[in-house]
Structures are given as C-alpha cells and as structure tokens.
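Enquirer: Attaching a single structure in structure tokens format; questions to follow.
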Amino acid sequence: MKKLLFLCAALAFGAEAWAQKADTLTFHNDYYRSKREVEEIVPVTRRNIIMLGNSLTERGFWSEYFQDQRVLNRGIGGDCISGMINRLPPIVEGQPRAIFVMGGVNDLLFSKISFEKLVSQYERLLDYIAAHSPRTKVYVQSPLPVNEAMNEKLLKGQNPRLAEYGKQLRAMAERRGLVYIDIWSAMQRDGSLPAEYTSDGIHLTGAGYKVWIEQIAPYMK
C-alpha cells in the first residue's frame, strides 16, 4: 500500500510538472506538505547530520546505513531547489553538524530553467545556510546519471545536461571552498546509469545506494 501511494504521488508530480514547464519549478501537493510536517516533528540538533534532497534522498535509509551517526533524512519526493530553500529554517535553527545536499535534477527535468538560474538558486540555498548556521559543514553532492533507455519520453538526452550541471556545481563548490562529492563518476557506466542500479531509470536499487553510501562514507566521520 505504501508503495502504491508513493507511486501515485510521483505520477501526480510528473503530470503537474510537465504541464507547467515554466522557467522555474515550484512543487507542492498533499504528499509534499504532509511529508514536510512529519519530518519537522523531529527537531534538528547540533549533533545531527542532515541529508537534504528530493526522492533520491528520501528513499535512502541513512540512519540505518550510518548507525553510529545521528543522521536525519530531509528528502521529499518531487522537491526542487526553491522548495529546499523554503524548508531550511527549521533545519538550520538546530545548527546541525553537517548538511549533505543533493538537488536540482527535478528542476532540470520538469522545467525550462537555465543552468545560470538554477545554480543561482543553489547559491541562495548555500548562502542561507552560511548566514544562519555558519558552523555547519556543507557537502555538495553531484547529480546522478539516469538510464535514458528505461524512460525515453522523459529522460532522452538528459545525461549530457546532468553532466554539465555537475560541472557547474563542482565549480561553484570550489569557488566557495566547499567539498564536492563526485558520486556521478562512481555510478555511471559509459555516461549512463547502469540498469542494475535503477528500477525506473532515475530511482535507485539497493546496489545503486551502496555506491552512493561508499562515496559519502568518508565524510560521515
């Protein structure tokens, strides 16, 4: 039943987002609002590490993968960079130890946003963290590749765009003195997400999450 509800939410998002195809992306529905409320029941503290992102982050069992750390999952399916900015206040209020950010793929897939505008929004997110929780260590995670063959209607031609976005995120992170974690290189094969790492071309299987975990594990200590 839970899988069915999540699938319905994802399908609803896809239809709404494709109908928009605006110059920037905003996304809110009942699932998004209720998931945010549920997450915010648990207050963030200085001892926490935050995983901030969209459905890719949400589907990871981070507190179980890193049981010796106090990891809180703040991923919500369908979220975009502007949505993550709006969710930041209760997160940075707790002054967490670290925030691992992964976002922007939904923006690229479901809107006509330019790289310049998207990176500018990402910078606003980072500026907000720096201003309100300056001692928090921020890690910029690369986007992940997709498997275009599994969903050509949505994903055809997207890997080159995602790779370019990753380059721009790396440059931004280096300019700001932040750690950029290159998960893309470890997960891609011939520039694509291998079939064994994904269930639908975007979302990850256990094997895919294992690669992700291995890449961020050194920074969790």
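Ligands are numbered from 1 in the order shown, chains are lettered A, B, ... in the order of the structure tokens, and residues start at 1 in each chain.
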Could you tell me, as a list in words, which residues of range 38-181 of chain A DSSP assigns to strand (DSSP E) when given the backbone?

Expert: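 Those in range 38-181 of chain A that DSSP calls strand (DSSP E) are Asn48, Ile49, Ile50, Met51, Leu52, Gly53, Arg70, Val71, Leu72, Asn73, Arg74, Gly75, Ala98, Ile99, Phe100, Val101, Lys137, Val138, Tyr139, Val140, Gln141, Val179, Tyr180 and Ile181 of chain A.
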
Enquirer: Could those selected residues go to a file with N, CA and C atoms, as a CSV table (one decimal), in the first residue's frame?

Expert:
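And here's again.csv as it stands now:
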chain,number,residue,atom,x,y,z
A,48,ASN,N,23.3,16.5,14.9
A,48,ASN,CA,22.7,15.8,13.7
A,48,ASN,C,23.5,16.1,12.4
A,49,ILE,N,23.4,15.1,11.5
A,49,ILE,CA,23.8,15.3,10.1
A,49,ILE,C,22.5,15.2,9.3
A,50,ILE,N,22.4,16.1,8.3
A,50,ILE,CA,21.1,16.2,7.6
A,50,ILE,C,21.4,15.8,6.1
A,51,MET,N,20.5,14.9,5.6
A,51,MET,CA,20.5,14.6,4.2
A,51,MET,C,19.4,15.4,3.6
A,52,LEU,N,19.7,16.4,2.8
A,52,LEU,CA,18.7,17.3,2.2
A,52,LEU,C,18.6,17.0,0.7
A,53,GLY,N,17.4,16.7,0.2
A,53,GLY,CA,17.2,16.4,-1.2
A,53,GLY,C,15.8,16.1,-1.6
A,70,ARG,N,24.2,10.5,13.9
A,70,ARG,CA,22.8,10.9,14.1
A,70,ARG,C,22.3,11.6,12.8
A,71,VAL,N,21.9,10.8,11.9
A,71,VAL,CA,21.6,11.3,10.6
A,71,VAL,C,20.0,11.4,10.5
A,72,LEU,N,19.6,12.6,10.0
A,72,LEU,CA,18.2,12.8,9.8
A,72,LEU,C,17.9,12.9,8.3
A,73,ASN,N,16.9,12.2,7.8
A,73,ASN,CA,16.5,12.3,6.4
A,73,ASN,C,15.6,13.4,6.1
A,74,ARG,N,16.0,14.4,5.3
A,74,ARG,CA,15.1,15.5,5.0
A,74,ARG,C,15.0,15.6,3.5
A,75,GLY,N,14.7,14.4,2.9
A,75,GLY,CA,14.4,14.3,1.5
A,75,GLY,C,12.9,14.2,1.3
A,98,ALA,N,26.4,18.9,10.0
A,98,ALA,CA,26.7,18.9,8.6
A,98,ALA,C,25.4,18.7,7.8
A,99,ILE,N,25.4,19.2,6.6
A,99,ILE,CA,24.3,19.0,5.6
A,99,ILE,C,24.8,18.5,4.3
A,100,PHE,N,24.3,17.4,3.8
A,100,PHE,CA,24.6,16.8,2.5
A,100,PHE,C,23.5,17.2,1.6
A,101,VAL,N,23.8,18.0,0.6
A,101,VAL,CA,22.8,18.5,-0.3
A,101,VAL,C,22.9,17.7,-1.7
A,137,LYS,N,29.0,22.2,8.4
A,137,LYS,CA,29.7,21.7,7.3
A,137,LYS,C,28.8,21.3,6.2
A,138,VAL,N,29.0,21.9,5.0
A,138,VAL,CA,28.1,21.6,3.9
A,138,VAL,C,28.8,20.8,2.8
A,139,TYR,N,28.2,19.8,2.3
A,139,TYR,CA,28.7,18.9,1.3
A,139,TYR,C,27.8,19.0,0.1
A,140,VAL,N,28.4,19.4,-1.1
A,140,VAL,CA,27.6,19.5,-2.3
A,140,VAL,C,27.8,18.1,-3.1
A,141,GLN,N,26.7,17.4,-3.2
A,141,GLN,CA,26.8,16.1,-3.9
A,141,GLN,C,26.5,16.3,-5.4
A,179,VAL,N,33.2,21.2,0.0
A,179,VAL,CA,33.6,19.8,-0.5
A,179,VAL,C,32.5,19.4,-1.6
A,180,TYR,N,33.0,19.0,-2.7
A,180,TYR,CA,32.1,18.5,-3.8
A,180,TYR,C,32.3,17.0,-3.8
A,181,ILE,N,31.3,16.2,-3.7
A,181,ILE,CA,31.4,14.7,-3.7
A,181,ILE,C,30.9,14.2,-5.0

Enquirer: Assign secondary structure with DSSP using the backbone only, and return the residues of range 121-191 of chain A in helix (DSSP H, G or I) as a CSV table (one decimal) with C-alpha atoms, in the first residue's frame.

Expert:
chain,number,residue,atom,x,y,z
A,121,GLN,CA,19.1,29.3,-6.7
A,122,TYR,CA,21.6,26.7,-5.3
A,123,GLU,CA,23.9,29.6,-4.2
A,124,ARG,CA,20.9,31.1,-2.4
A,125,LEU,CA,20.5,27.9,-0.5
A,126,LEU,CA,24.1,27.8,0.4
A,127,ASP,CA,24.0,31.5,1.4
A,128,TYR,CA,21.1,30.8,3.7
A,129,ILE,CA,22.9,28.0,5.5
A,130,ALA,CA,26.1,30.1,5.8
A,131,ALA,CA,24.2,33.0,7.3
A,132,HIS,CA,22.1,31.1,9.8
A,148,GLU,CA,17.6,7.0,-20.7
A,149,ALA,CA,16.6,3.7,-22.3
A,150,MET,CA,14.2,3.0,-19.4
A,152,GLU,CA,13.0,7.8,-23.3
A,153,LYS,CA,10.0,10.1,-23.2
A,154,LEU,CA,11.3,11.8,-20.0
A,155,LEU,CA,15.0,11.0,-20.0
A,158,GLN,CA,19.3,14.3,-20.2
A,159,ASN,CA,22.6,12.8,-19.3
A,160,PRO,CA,24.7,15.4,-21.1
A,161,ARG,CA,22.7,18.1,-19.4
A,162,LEU,CA,23.1,16.5,-16.0
A,163,ALA,CA,26.8,16.1,-16.5
A,164,GLU,CA,27.1,19.8,-17.4
A,165,TYR,CA,25.1,20.7,-14.3
A,166,GLY,CA,27.5,18.6,-12.2
A,167,LYS,CA,30.5,20.5,-13.7
A,168,GLN,CA,28.9,23.8,-12.7
A,169,LEU,CA,28.1,22.6,-9.2
A,170,ARG,CA,31.8,21.5,-8.8
A,171,ALA,CA,33.0,24.9,-9.9
A,172,MET,CA,30.6,26.6,-7.6
A,173,ALA,CA,31.7,24.4,-4.6
A,174,GLU,CA,35.3,25.0,-5.3
A,175,ARG,CA,34.7,28.7,-5.6
A,176,ARG,CA,33.0,28.7,-2.2
A,183,ILE,CA,29.0,10.3,-7.0
A,184,TRP,CA,28.4,10.6,-10.7
A,185,SER,CA,31.8,9.1,-11.7
A,186,ALA,CA,31.4,6.1,-9.4
A,187,MET,CA,27.9,5.4,-10.5

Enquirer: Quick one, how far is CA of Asp68 in chain A from CA of Gly103 in chain A?

Expert: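 Going from CA of Asp68 in chain A over to CA of Gly103 in chain A, I get 25.4 Å.
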
Enquirer: Would you mind listing, for every residue of range 46-158 of chain A within 12 Å of range 190-206 of chain A, the two atoms forming the shortest contact and the distance between them in Å to one decimal, using only C-alpha atoms, sorted by chain and ascending residue number, as a Markdown table?

Expert:
| residue | atom | partner | partner_atom | distance |
| --- | --- | --- | --- | --- |
| A:Asn54 | CA | A:His203 | CA | 10.6 |
| A:Ser55 | CA | A:His203 | CA | 7.8 |
| A:Leu56 | CA | A:His203 | CA | 6.1 |
| A:Thr57 | CA | A:His203 | CA | 9.7 |
| A:Glu58 | CA | A:His203 | CA | 10.5 |
| A:Arg59 | CA | A:Leu204 | CA | 8.4 |
| A:Gly60 | CA | A:Leu204 | CA | 9.0 |
| A:Phe61 | CA | A:Gly206 | CA | 10.3 |
| A:Tyr65 | CA | A:Gly206 | CA | 11.5 |
| A:Gly77 | CA | A:His203 | CA | 10.6 |
| A:Gly78 | CA | A:His203 | CA | 11.9 |
| A:Val105 | CA | A:Ile202 | CA | 9.9 |
| A:Asn106 | CA | A:Ile202 | CA | 10.6 |
| A:Leu109 | CA | A:Ile202 | CA | 10.9 |
| A:Pro143 | CA | A:Ile202 | CA | 10.9 |
| A:Leu144 | CA | A:Leu193 | CA | 7.7 |
| A:Pro145 | CA | A:Leu193 | CA | 5.1 |
| A:Val146 | CA | A:Leu193 | CA | 4.8 |
| A:Asn147 | CA | A:Gly201 | CA | 4.3 |
| A:Glu148 | CA | A:Gly201 | CA | 6.4 |
| A:Ala149 | CA | A:Gly201 | CA | 7.5 |
| A:Met150 | CA | A:Gly201 | CA | 5.1 |
| A:Asn151 | CA | A:Gly201 | CA | 6.3 |
| A:Glu152 | CA | A:Gly201 | CA | 9.2 |
| A:Lys153 | CA | A:Gly201 | CA | 11.3 |
| A:Leu154 | CA | A:Gly201 | CA | 9.6 |
| A:Leu155 | CA | A:Gly201 | CA | 7.9 |
| A:Lys156 | CA | A:Gly201 | CA | 10.5 |
| A:Gly157 | CA | A:Ser192 | CA | 10.7 |
| A:Gln158 | CA | A:Ser192 | CA | 9.8 |

Enquirer: How far is it from CA of His28 in chain A to CA of Gly83 in chain A, in Å with one decimal?

Expert: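 These two atoms are separated by 8.5 Å.
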
Enquirer: Between A:Leu118, A:Asp30, A:Trp62, A:Thr45, single out the one closest to Met220 in chain A, counting only C-alpha atoms.

Expert: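 That would be A:Trp62, the residue with the smallest distance to Met220 in chain A.
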